[in-house]
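Notes follow once the structure below has been shown.
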Amino acid sequence: MTLTRIINVLLCALIAGGGAGILLFLRSVRRELARIDKSFDKIITRTDIAEMPERLDAEGNIHLSHATHVRYDREALERSRAQFSVAYANYVTGGQLISLLPLLGIFGTVLGLILSSGTSDISQMVAGLGTAMWTTLLGLIFSIALKAYDAVYIGRAVNLIDARFADADAIITRQVLQNEMRMARKAADRNA
């Protein structure tokens, strides 16, 4: 076995092992995100549905409407947000690790080209080039598959959880403003 072939086999093993390691890492991130998503059920402390007065739509139809009032345990929400920050950092790290796989493949190809260029035997040079191309192919296959897994499963979960935090923040802000307005009205009534 030539030096070129040995180096490329080692790089292919590194790419395959690294890809498998990244997949395991991303799966642990996905499990953590699923756990954080489920924690939202425990964070909601109360949900009230209040009937609102009837209203007419543009066609003159009468509708009963209702408003949903949700209360969050703010401490639990902040604990979940801290856990989400760690999971998000791991998610970003996984994405950065994925980008190394095609670079390792290209490194193997370039190294194979350099090592096979020193020979005058065309058949040895072609065999070295063929072996070198396997590293790029393997790096691309693993990075494409892992990036698809990342986008479909993990990226989607990150976006959905982020939206749930944004909704919770909007509800809490609205509730704080309503309480402040209620207190201001009471103070104004006492002073009047």
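All residue names refer to the structure tokens as shown: chains lettered A, B, ... in order, residues numbered from 1 in each chain, ligands numbered from 1 in order.
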Kindly assemble as CSV a list of the range 141-180 of chain A residues that lie within 9 Å of range 100-103 of chain A, each paired with its nearest atom pair and their distance in Å to one decimal, using only C-alpha atoms, sorted first by chain and then by ascending residue number.
residue,atom,partner,partner_atom,distance
A:Ile141,CA,A:Pro102,CA,8.4
A:Phe142,CA,A:Leu101,CA,7.0
A:Ser143,CA,A:Leu101,CA,5.9
Selection near Val126 in chain A, 12 Å with only C-alpha atoms, sequence-local residues under 2 positions removed, as a ChimeraX atom specification: /A:4-5,112-113,115-117,119-124,128-133
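When only C-alpha atoms are used to measure the gap to Val9 in chain A, the shortest distance among A:Asn159, A:Asn179, A:Thr109, A:Ser85 belongs to A:Thr109.
Proximity of A:Leu177, A:Leu3, A:Ala151, A:Ile161 to Ser39 in chain A, computed with only C-alpha atoms, is greatest for A:Ile161.
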